[in-house]
2 protein chains.
Amino acid sequence: MELISLPFFSEKCGAAKSSISEDLAIINRVFHIEGIGQLESNSGASGGVRYMPRIGNEISESVVATLCQQLEDPERILPGGYLFMSDILGDPSTIREIGRLFASRFATLNIDSIVTVATKGIPLAYATASYLNVPVIIVRRDPKVTEGSTVSINYVSGSSKKIQTMVLSKRSLRAGENVCIIDDFMKAGGTINGIKSLLKEFDAKVKAIGVLAEAEDEEEERVVDDYTSLLQIKNVDSNNQQIEVIKGNYFQ
Amino acid sequence: MELISLPFFSEKCGAAKSSISEDLAIINRVFHIEGIGQLESNSGASGGVRYMPRIGNEISESVVATLCQQLEDPERILPGGYLFMSDILGDPSTIREIGRLFASRFATLNIDSIVTVATKGIPLAYATASYLNVPVIIVRRDPKVTEGSTVSINYVSGSSKKIQTMVLSKRSLRAGENVCIIDDFMKAGGTINGIKSLLKEFDAKVKAIGVLAEAEDEEEERVVDDYTSLLQIKNVDSNNQQIEVIKGNYFQ
């Protein structure tokens with residue numbers, strides 16, 4: 001969300017600042033009508049105009065309804081009650097829409113960077129970051145030479161209770177940054193919790209957590225509570241080939 | 001690159017087809033001046049207008065010059081002569097620019113999907129796919145339950161001569177698709193060659209290969225030749241803390 005000064009537009013378009021202001025007002029009106037965001041103007045010497053991602057309720061409801069419908073296709077059921085989602089996560093326009101939903105929800109939190117963990121959360125993280133105009137930082141499961149020196153932690157996966165490792169390049173974050181964690185899927189929340197512990201090592205402040213889909217919590221305790229989910233996968237019945245997917249807590 | 005019919009715009013804007021055509025001509029002219037693409041119109045009943053990504057030479061040269069300059073920072077040198085690039089690959093606007101460069105080069109090849117391998121190529125693949133309006137398919141190093149049944153191959157890494165594995169979900173590609181491979185870095189080309197062998201199992205046609213950076217080929221034989229690179233890393237001298245990065249074959 002870059003602040004662009006009016007003189008930039010005046011020079012570029014060879015127009016007076018007053019006509020630029022009128023044009024920006026028109027653009028802002030169209031953004032409102034289309035439900036795709038708004039322009040925020042600051043006046044004064046250091047003033048300018050900034051795009052704030054915003055999404056109308058109707059649009060966000062329809063994006064999520066489409067996703068629910070796509071995910072309820074019984075062909076998606078995999079052994080162990082998992083759902084095949086790679087085709088949905090492979091579609092750039094769907095990914096952009098999801099990113100826009102997260103970005104508009106988190107737009108006012110002064111996020112400095114988006115953190116995700118390899119692999120499936122990466123496109124969602126970039127889409128969100130793109131709307132917020134901040135960098136993406138990728139936590140890995142394994143250290144790689146191209147990361148330079150890294151900080152690593154061990155954590156316990158929430159659902160399988162296995163000990164796992166996560167690493168993050170030391171150069172990736174400055175101390176005290178406001179970060180937003182984005183991931184594709186959350187079950188008990190062990191992975192998200194692992195990222196949180198890792199980020200603590202960097203003195204980062206986790207301001208928001210966004211997950212595309214959460215699994216219905218069963219007997220196991222959920223270890224993360226302050227998250228925003230777009231979808232909730234309620235019931236995957238492999239025997240009867242039925243899946244129930246409902247809206248997540250984004251809409252509460 | 002979706003074809004949008006003129007009646008779509010007439011209905012949306014409540015305007016006559018002739019005014020829509022005039023407006024599209026203005027938009028096309030601005031695109032030309034800014035060097036950001038062009039609108040292609042097809043007339044007739046099934047006609048419409050389609051955005052073709054295109055990038056002016058000046059812009060592409062300046063994007064790559066900036067990247068060269070950023071990469072030549074000696075702080076980036078890692079043990080073994082590798083370069084730290086995660087910060088550059090983490091910047092969504094840089095990634096979008098790189099994607100636009102690849103997309104405009106490959107726009108006329110009727111690409112059906114973009115294929116990349118986890119992890120670092122993923123954002124570049126999405127950026128390219130986003131401009132071409134096609135899906136992204138991610139090859140993995142390890143099978144995961146959420147991929148469903150997979151096809152796997154073993155291949156020999158070009159530089160280390162180690163045997164490695166790659167897997168791709170069986171549902172990800174239809175037979176006969178035109179694909180474009182995108183990756184961040186190519187040394188001898190063993191990984192790209194591995195992807196090519198894997199794609200052969202899907203009867204896919206590799207129409208283009210785009211890599212952000214190629215290493216200068218040394219004694220080892222390069223095993224891939226039909227690729228497009230934006231950058232060439234010529235010389236990483238750890239002792240004298242010097243790096244030389246030049247334009248890739250994109251500009252030849």
# chains A, B, ... in the order shown; residues from 1 in each chain; ligands from 1
>>> select_by_dssp(residues="stretch 71-171 of chain A", states="strand (DSSP E or B)", output="VMD selection string")
chain A and resid 77 83 113 to 117 136 to 140 150 to 156 163 to 169
>>> closest_atom_pairs(of="chain B", to="chain A", cutoff="10 Å", atoms="only C-alpha atoms", output="CSV")
residue,atom,partner,partner_atom,distance
B:Arg76,CA,A:Gly148,CA,8.8
B:Ile77,CA,A:Gly148,CA,8.8
B:Leu78,CA,A:Gly148,CA,6.0
B:Pro79,CA,A:Val145,CA,7.7
B:Gly80,CA,A:Val145,CA,8.3
B:Gly81,CA,A:Thr146,CA,9.6
B:Tyr82,CA,A:Thr146,CA,6.2
B:Leu83,CA,A:Thr146,CA,6.4
B:Phe84,CA,A:Thr146,CA,5.7
B:Met85,CA,A:Thr146,CA,7.5
B:Ser86,CA,A:Glu147,CA,7.1
B:Asp87,CA,A:Ser172,CA,6.9
B:Ile88,CA,A:Pro135,CA,9.0
B:Leu89,CA,A:Val136,CA,8.3
B:Gly90,CA,A:Val136,CA,4.7
B:Asp91,CA,A:Pro135,CA,4.7
B:Pro92,CA,A:Ser130,CA,5.4
B:Ser93,CA,A:Ser130,CA,7.0
B:Thr94,CA,A:Pro135,CA,10.0
B:Ile95,CA,A:Tyr126,CA,9.3
B:Arg96,CA,A:Ser130,CA,8.9
B:Ser113,CA,A:Gly90,CA,9.6
B:Ile114,CA,A:Gly90,CA,9.5
B:Ala118,CA,A:Thr119,CA,6.9
B:Thr119,CA,A:Thr119,CA,6.5
B:Lys120,CA,A:Ile138,CA,9.4
B:Ile122,CA,A:Pro123,CA,7.3
B:Pro123,CA,A:Pro123,CA,6.4
B:Leu124,CA,A:Pro123,CA,9.8
B:Ala125,CA,A:Pro123,CA,9.5
B:Tyr126,CA,A:Pro92,CA,6.3
B:Ala127,CA,A:Pro92,CA,8.2
B:Thr128,CA,A:Pro92,CA,9.5
B:Ala129,CA,A:Pro92,CA,6.7
B:Ser130,CA,A:Pro92,CA,5.4
B:Tyr131,CA,A:Pro92,CA,9.1
B:Leu132,CA,A:Pro92,CA,9.6
B:Asn133,CA,A:Pro92,CA,7.2
B:Val134,CA,A:Asp91,CA,7.1
B:Pro135,CA,A:Asp91,CA,4.7
B:Val136,CA,A:Gly90,CA,4.7
B:Ile137,CA,A:Gly90,CA,6.2
B:Ile138,CA,A:Gly90,CA,8.1
B:Arg140,CA,A:Thr119,CA,9.1
B:Val145,CA,A:Tyr82,CA,7.5
B:Thr146,CA,A:Phe84,CA,5.7
B:Glu147,CA,A:Phe84,CA,6.3
B:Gly148,CA,A:Leu78,CA,6.1
B:Ser149,CA,A:Leu78,CA,8.9
B:Ser169,CA,A:Ser86,CA,8.7
B:Arg171,CA,A:Asp87,CA,8.4
B:Ser172,CA,A:Asp87,CA,6.9
B:Leu173,CA,A:Asp87,CA,9.7
>>> residues_around(residues="A:Ile59", least_positions_apart="3", cutoff="10 Å", atoms="only C-alpha atoms", output="short mmCIF file (atom, residue, chain, number, x, y, z; two decimals) with N, CA and C atoms, in the first residue's frame")
data_model
loop_
_atom_site.label_atom_id
_atom_site.label_comp_id
_atom_site.auth_asym_id
_atom_site.auth_seq_id
_atom_site.Cartn_x
_atom_site.Cartn_y
_atom_site.Cartn_z
N GLU A 34 -17.68 -1.31 -7.60
CA GLU A 34 -17.26 -2.67 -7.94
C GLU A 34 -16.88 -3.48 -6.69
N GLY A 35 -16.77 -2.82 -5.56
CA GLY A 35 -16.39 -3.51 -4.33
C GLY A 35 -14.97 -4.03 -4.34
N ILE A 36 -14.04 -3.28 -4.95
CA ILE A 36 -12.66 -3.77 -5.06
C ILE A 36 -11.66 -2.94 -4.27
N ILE A 55 -12.95 -5.49 0.03
CA ILE A 55 -13.75 -6.36 -0.79
C ILE A 55 -15.18 -6.32 -0.25
N GLY A 56 -16.14 -6.14 -1.15
CA GLY A 56 -17.54 -6.09 -0.74
C GLY A 56 -17.96 -7.45 -0.19
N SER A 62 -19.41 -14.72 -2.37
CA SER A 62 -19.54 -15.53 -3.59
C SER A 62 -18.23 -16.27 -3.88
N VAL A 63 -17.08 -15.63 -3.58
CA VAL A 63 -15.79 -16.33 -3.76
C VAL A 63 -15.77 -17.59 -2.90
N VAL A 64 -16.18 -17.43 -1.63
CA VAL A 64 -16.12 -18.56 -0.70
C VAL A 64 -17.17 -19.61 -1.04
N ALA A 65 -18.35 -19.18 -1.48
CA ALA A 65 -19.38 -20.15 -1.86
C ALA A 65 -18.89 -21.02 -3.02
N GLU A 97 -7.97 -13.93 -5.74
CA GLU A 97 -9.20 -13.59 -4.99
C GLU A 97 -9.02 -13.87 -3.50
N LEU A 101 -9.07 -11.26 -0.30
CA LEU A 101 -9.90 -11.40 0.90
C LEU A 101 -9.05 -11.18 2.16
#
>>> residues_around(residues="B:Gly121", least_positions_apart="4", cutoff="10 Å", atoms="only C-alpha atoms", output="CSV table (one decimal) with N, CA and C atoms, in the first residue's frame")
chain,number,residue,atom,x,y,z
B,89,LEU,N,13.5,-12.7,-4.3
B,89,LEU,CA,12.4,-13.6,-4.6
B,89,LEU,C,11.2,-13.4,-3.7
B,115,VAL,N,4.7,-25.2,-15.4
B,115,VAL,CA,5.2,-26.2,-14.5
B,115,VAL,C,6.4,-25.7,-13.8
B,116,THR,N,6.5,-25.9,-12.4
B,116,THR,CA,7.7,-25.5,-11.7
B,116,THR,C,8.0,-26.6,-10.7
B,117,VAL,N,9.1,-26.5,-10.0
B,117,VAL,CA,9.4,-27.5,-9.0
B,117,VAL,C,9.6,-26.7,-7.7
B,125,ALA,N,6.5,-18.8,-11.1
B,125,ALA,CA,5.6,-19.6,-11.9
B,125,ALA,C,4.2,-19.0,-11.8
B,126,TYR,N,3.8,-18.6,-10.6
B,126,TYR,CA,2.4,-18.0,-10.5
B,126,TYR,C,2.4,-16.6,-11.2
B,138,ILE,N,2.8,-27.9,-9.7
B,138,ILE,CA,4.0,-27.9,-8.9
B,138,ILE,C,4.6,-29.3,-8.8
B,181,ILE,N,8.0,-24.5,-18.6
B,181,ILE,CA,8.7,-24.7,-17.3
B,181,ILE,C,9.3,-23.4,-16.8
B,182,ILE,N,9.1,-23.1,-15.6
B,182,ILE,CA,9.7,-21.9,-15.0
B,182,ILE,C,10.5,-22.3,-13.7
B,183,ASP,N,11.7,-21.8,-13.6
B,183,ASP,CA,12.4,-22.0,-12.4
B,183,ASP,C,13.3,-20.8,-12.1
B,184,ASP,N,13.8,-20.8,-10.8
B,184,ASP,CA,14.6,-19.6,-10.4
B,184,ASP,C,16.0,-19.7,-10.9
B,185,PHE,N,16.6,-20.9,-10.9
B,185,PHE,CA,18.0,-21.0,-11.1
B,185,PHE,C,18.4,-22.3,-11.9
B,211,VAL,N,14.2,-19.5,-17.0
B,211,VAL,CA,14.8,-19.4,-15.7
B,211,VAL,C,15.3,-18.0,-15.4
B,212,LEU,N,15.1,-17.6,-14.2
B,212,LEU,CA,15.5,-16.3,-13.8
B,212,LEU,C,17.0,-16.1,-14.0
>>> residues_around(residues="B:Gly248", least_positions_apart="4", cutoff="9 Å", atoms="only C-alpha atoms", output="list in words")
Val64, Leu212, Ala213, Glu214, Thr228, Ser229, Leu230, Leu231, Gln232, Ile233 and Gln252 of chain B
>>> write_last_selection(atoms="C-alpha atoms", output="PDB file, in the first residue's frame")
ATOM      1  CA  VAL B  64      17.092  -6.862 -15.520  1.00  0.00           C
ATOM      2  CA  LEU B 212      15.538 -16.303 -13.765  1.00  0.00           C
ATOM      3  CA  ALA B 213      19.284 -16.932 -13.460  1.00  0.00           C
ATOM      4  CA  GLU B 214      21.669 -19.358 -15.088  1.00  0.00           C
ATOM      5  CA  THR B 228      15.407 -18.473 -21.847  1.00  0.00           C
ATOM      6  CA  SER B 229      17.341 -16.842 -19.004  1.00  0.00           C
ATOM      7  CA  LEU B 230      17.008 -13.304 -17.688  1.00  0.00           C
ATOM      8  CA  LEU B 231      20.346 -13.246 -15.880  1.00  0.00           C
ATOM      9  CA  GLN B 232      23.659 -14.998 -16.095  1.00  0.00           C
ATOM     10  CA  ILE B 233      25.782 -15.281 -12.975  1.00  0.00           C
ATOM     11  CA  GLN B 252      19.865 -12.092 -27.602  1.00  0.00           C
TER      12      GLN B 252
END
>>> select_by_dssp(residues="stretch 4-229 of chain B", states="alpha helix (DSSP H)", output="ChimeraX atom specification")
/B:6-13,17-34,57-71,86-89,92-106,122-132,190-200
>>> atom_distance(atom1="atom CA of B:Thr191", atom2="atom CA of B:Asp203")
18.5 Å
>>> atom_distance(atom1="atom CA of B:Ile4", atom2="atom CA of B:Leu39")
10.7 Å
>>> residues_around(residues="A:Glu72", least_positions_apart="6", cutoff="9 Å", atoms="only C-alpha atoms", output="ChimeraX atom specification")
/A:242-245
>>> closest_residue(among="A:Lys161, A:Lys17, A:Lys144, A:His32", to="A:Ser5", atoms="only C-alpha atoms")
A:Lys17
